[in-house]
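Read through the structure below, which is laid out as structure tokens, and then see the notes.
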Amino acid sequence: MTPISLCIIGKNEEKHIENCLAALADCPFEIVYVDTGSTDRTKEIVKNYTDNIYDFAWIDDFSAARNFAMEKASHEYVLFLDCDEYLTDIDVPAITRAAKAHPQGVGLLLRNNYYEANGTPTNYPDRVERLFSKKRFHYKGMIHEQVVKRENDNPIYERYEIPLTVDHAGYSGGIEAMREKAERNNALLFREIKKNPKDPYLYFQVGQSYNGIYDYENAYTYYKKSFALPLNPAEPWVQIMATAYINALNHTGRSEEARQFFEPIYANFSGDANFYCSMGNVYLNLTPPQPLKAMAEYVKALQCPTAREEGANSFLPYYNIGLVNEMLGNRDGALRFYQKAADLGFVPALERLSELNDI
């Protein structure tokens, strides 16, 4: 099998690092841990799992720390995990075969991001770039670092999925922790923007920071700045931003602006359940609402291969189809779809069922 070095960087992660490393105990990876200044028990815990522990003086640059970890790795192929990501499923032989079959590409693991939406524990799954040859790729960017080719003649590269799934606990720390993280990240991002004012990815990440603390007005401002610059819609982060931008527009009373902006470029983002759900919300929020157009979007979301039973991509379309049926006076249809959402644990659906059944 192709040998792989698993690289982790961290600081004061005693809350997460044990769960992260314990889940990797049976994997035949070289584990390389780089510490950027812990003052808690993080390194003491790591010593139970690997002797490859290195210190890196923090210089406000996540890429520098990740690239340092790659330098310490013994193997050509490196796999990165964060301390708050816990392995839940893996097929090591299949991963090594995939790496060998795609030597010029970057492998995408599946990450389940857990958070709370409307009182309901929710999972938003995404694919993130984490496995590659260190001879061909490295990291770039002080914050929200990206994998880039070492040779800059052609920045485009292949991405392929690998059979590795993790649970991400990074969004479960509460609003104050998220606000502190957003302020830290944005301080670095604004410094990067001064140096690279034409980089749309930086504006996207500022928008993401504000979105994570429900500051939709500022999120809208920075997503708009990003979309004003040249973009490649095929980039995964641009697909994510499309949905986030629509949601910010909806939250700030700009649904008509969202409709006018996204209808002409709809084809660039179709095929994703989150995008369909967000566009459905646009049509419901118009004055007057367009419930039939909204219904069509929610149906598309349910038919997407990205719709997952444990995630918002399933219970939100069901709930909103119920809402549209209720708007159209179809009480039986509303009850049926509210029940589907309630069966998946969506609290507002349970509340709406109770209210309708009391009428």
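Each chain in the structure tokens gets a letter, A, B and so on, in the order shown; residues start at 1 in every chain, and ligands are counted from 1 in the order they appear.
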Write out as a tab-separated table the residues of range 80-195 of chain A that have any atom within 12 Å of an atom of range 67-76 of chain A, one row each with the nearest atom pair and its distance in Å to one decimal, counting only C-alpha atoms, sorted by chain and then rising number.
residue	atom	partner	partner_atom	distance
A:Phe80	CA	A:Met70	CA	9.4
A:Leu81	CA	A:Ala69	CA	11.7
A:Ala99	CA	A:Glu76	CA	10.8
A:Lys100	CA	A:Glu76	CA	11.4
A:Pro103	CA	A:Glu76	CA	10.7
A:Leu131	CA	A:Glu76	CA	10.5
A:Phe132	CA	A:Glu76	CA	8.3
A:Ser133	CA	A:Glu76	CA	5.5
A:Lys134	CA	A:Glu76	CA	5.6
A:Lys135	CA	A:Glu76	CA	6.7
A:Arg136	CA	A:Glu76	CA	9.4
A:Phe137	CA	A:Asn67	CA	9.8
A:His138	CA	A:Asn67	CA	6.4
A:Tyr139	CA	A:Asn67	CA	6.3
A:Lys140	CA	A:Asn67	CA	8.9
A:Gly141	CA	A:Asn67	CA	11.0
A:Met142	CA	A:Asn67	CA	11.5
A:Glu145	CA	A:Asn67	CA	10.6
A:Gln146	CA	A:Asn67	CA	11.4
A:Val147	CA	A:Asn67	CA	10.4
A:Val148	CA	A:Asn67	CA	11.6
A:Arg150	CA	A:Asn67	CA	11.8
Could the residues in this selection be written to a file with C-alpha atoms, as a PDB file, in the first residue's frame?
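To be explicit, this is the file written out as out-v6.pdb:
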ATOM      1  CA  PHE A  80      -4.455  16.341   7.004  1.00  0.00           C
ATOM      2  CA  LEU A  81      -7.007  16.295   9.817  1.00  0.00           C
ATOM      3  CA  ALA A  99      -4.005   8.022  -4.248  1.00  0.00           C
ATOM      4  CA  LYS A 100      -2.031   5.800  -6.609  1.00  0.00           C
ATOM      5  CA  PRO A 103      -1.146  11.024  -8.533  1.00  0.00           C
ATOM      6  CA  LEU A 131      -4.921  14.006   0.715  1.00  0.00           C
ATOM      7  CA  PHE A 132      -2.173  14.758  -1.789  1.00  0.00           C
ATOM      8  CA  SER A 133       1.465  14.337  -2.784  1.00  0.00           C
ATOM      9  CA  LYS A 134       3.669  16.862  -0.990  1.00  0.00           C
ATOM     10  CA  LYS A 135       5.956  16.848  -4.047  1.00  0.00           C
ATOM     11  CA  ARG A 136       3.152  18.301  -6.156  1.00  0.00           C
ATOM     12  CA  PHE A 137       1.091  20.390  -3.705  1.00  0.00           C
ATOM     13  CA  HIS A 138       1.436  22.631  -0.688  1.00  0.00           C
ATOM     14  CA  TYR A 139      -0.689  25.117   1.257  1.00  0.00           C
ATOM     15  CA  LYS A 140      -1.145  28.813   0.516  1.00  0.00           C
ATOM     16  CA  GLY A 141      -2.849  31.533   2.562  1.00  0.00           C
ATOM     17  CA  MET A 142      -2.432  32.757   6.137  1.00  0.00           C
ATOM     18  CA  GLU A 145      -5.551  27.984   3.678  1.00  0.00           C
ATOM     19  CA  GLN A 146      -5.960  26.358   0.278  1.00  0.00           C
ATOM     20  CA  VAL A 147      -4.179  23.458  -1.398  1.00  0.00           C
ATOM     21  CA  VAL A 148      -2.309  24.706  -4.483  1.00  0.00           C
ATOM     22  CA  ARG A 150       3.729  23.824  -6.483  1.00  0.00           C
TER      23      ARG A 150
END
If DSSP is run on the backbone, what residues of range 155-274 of chain A are alpha helix (DSSP H)? A reply as JSON, numbers by chain would be ideal. {"A": [175, 176, 177, 178, 179, 180, 181, 182, 183, 184, 185, 186, 187, 188, 189, 190, 191, 192, 193, 194, 195, 200, 201, 202, 203, 204, 205, 206, 207, 208, 209, 210, 211, 212, 216, 217, 218, 219, 220, 221, 222, 223, 224, 225, 226, 227, 236, 237, 238, 239, 240, 241, 242, 243, 244, 245, 246, 247, 248, 249, 250, 251, 255, 256, 257, 258, 259, 260, 261, 262, 273, 274]}
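Using only C-alpha atoms, the nearest neighbour of Ser209 in chain A within the list A:Glu30, A:Asp61, A:Glu180, A:Glu235 is A:Glu180.
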Neighbour list for Asn112 in chain A as a PyMOL selection string, cut-off 12 Å, only C-alpha atoms, skip fewer than 4 positions in-chain: chain A and resi 84-89+122-128+164-171+308+310-312
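Residues in contact with range 251-254 of chain A at up to 12 Å, not including ones fewer than 5 positions away on its chain and judged by only C-alpha atoms, are Asn211, Tyr214, Asp215, Tyr216, Glu217, Asn218, Ala219, Tyr220, Thr221, Ala244, Tyr245, Ile246, Arg259, Gln260, Phe261, Ser278, Asn281, Val282, Tyr283, Leu284, Asn285, Leu286 and Thr287 of chain A.
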In terms of only C-alpha atoms, the residue from A:Thr2, A:Glu44, A:Asn12, A:Thr50 at minimal distance from Tyr77 in chain A is A:Thr2
Counting only C-alpha atoms, the residue of A:Val106, A:Cys20, A:Val238, A:Val92 that sits nearest Tyr160 in chain A: A:Val106
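Taking only C-alpha atoms, the non-local environment of Ser226 in chain A within 7 Å (same-chain residues fewer than 6 positions away omitted) comprises Pro200, Tyr201, Tyr203 and Phe204 of chain A.
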Could you name the residues that touch Glu351 in chain A at 12 Å or less, counting only C-alpha atoms, but leaving out those on the same chain fewer than 3 positions away, as JSON, numbers by chain? {"A": [118, 119, 319, 335, 338, 339, 341, 342, 345, 346, 347, 348, 354, 355, 356, 357, 358]}
Can I get the selection written as an mmCIF file, in the first residue's frame, with C-alpha atoms?
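File out-v6.cif, as written:
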data_model
loop_
_atom_site.group_PDB
_atom_site.id
_atom_site.type_symbol
_atom_site.label_atom_id
_atom_site.label_comp_id
_atom_site.auth_asym_id
_atom_site.auth_seq_id
_atom_site.Cartn_x
_atom_site.Cartn_y
_atom_site.Cartn_z
ATOM 1 C CA ASN A 118 -34.128 25.973 14.843
ATOM 2 C CA GLY A 119 -33.619 23.881 17.945
ATOM 3 C CA TYR A 319 -40.979 21.245 6.081
ATOM 4 C CA LEU A 335 -49.782 17.667 7.430
ATOM 5 C CA TYR A 338 -44.739 18.351 8.154
ATOM 6 C CA GLN A 339 -44.914 14.779 9.434
ATOM 7 C CA ALA A 341 -39.917 16.584 8.593
ATOM 8 C CA ALA A 342 -41.026 15.760 12.143
ATOM 9 C CA GLY A 345 -36.540 15.331 14.312
ATOM 10 C CA PHE A 346 -37.214 18.849 13.030
ATOM 11 C CA VAL A 347 -38.741 20.684 16.006
ATOM 12 C CA PRO A 348 -40.653 23.421 14.078
ATOM 13 C CA SER A 354 -49.570 20.396 16.887
ATOM 14 C CA GLU A 355 -50.997 23.766 15.874
ATOM 15 C CA LEU A 356 -52.759 22.416 12.790
ATOM 16 C CA ASN A 357 -54.211 19.463 14.651
ATOM 17 C CA ASP A 358 -55.639 21.862 17.269
#
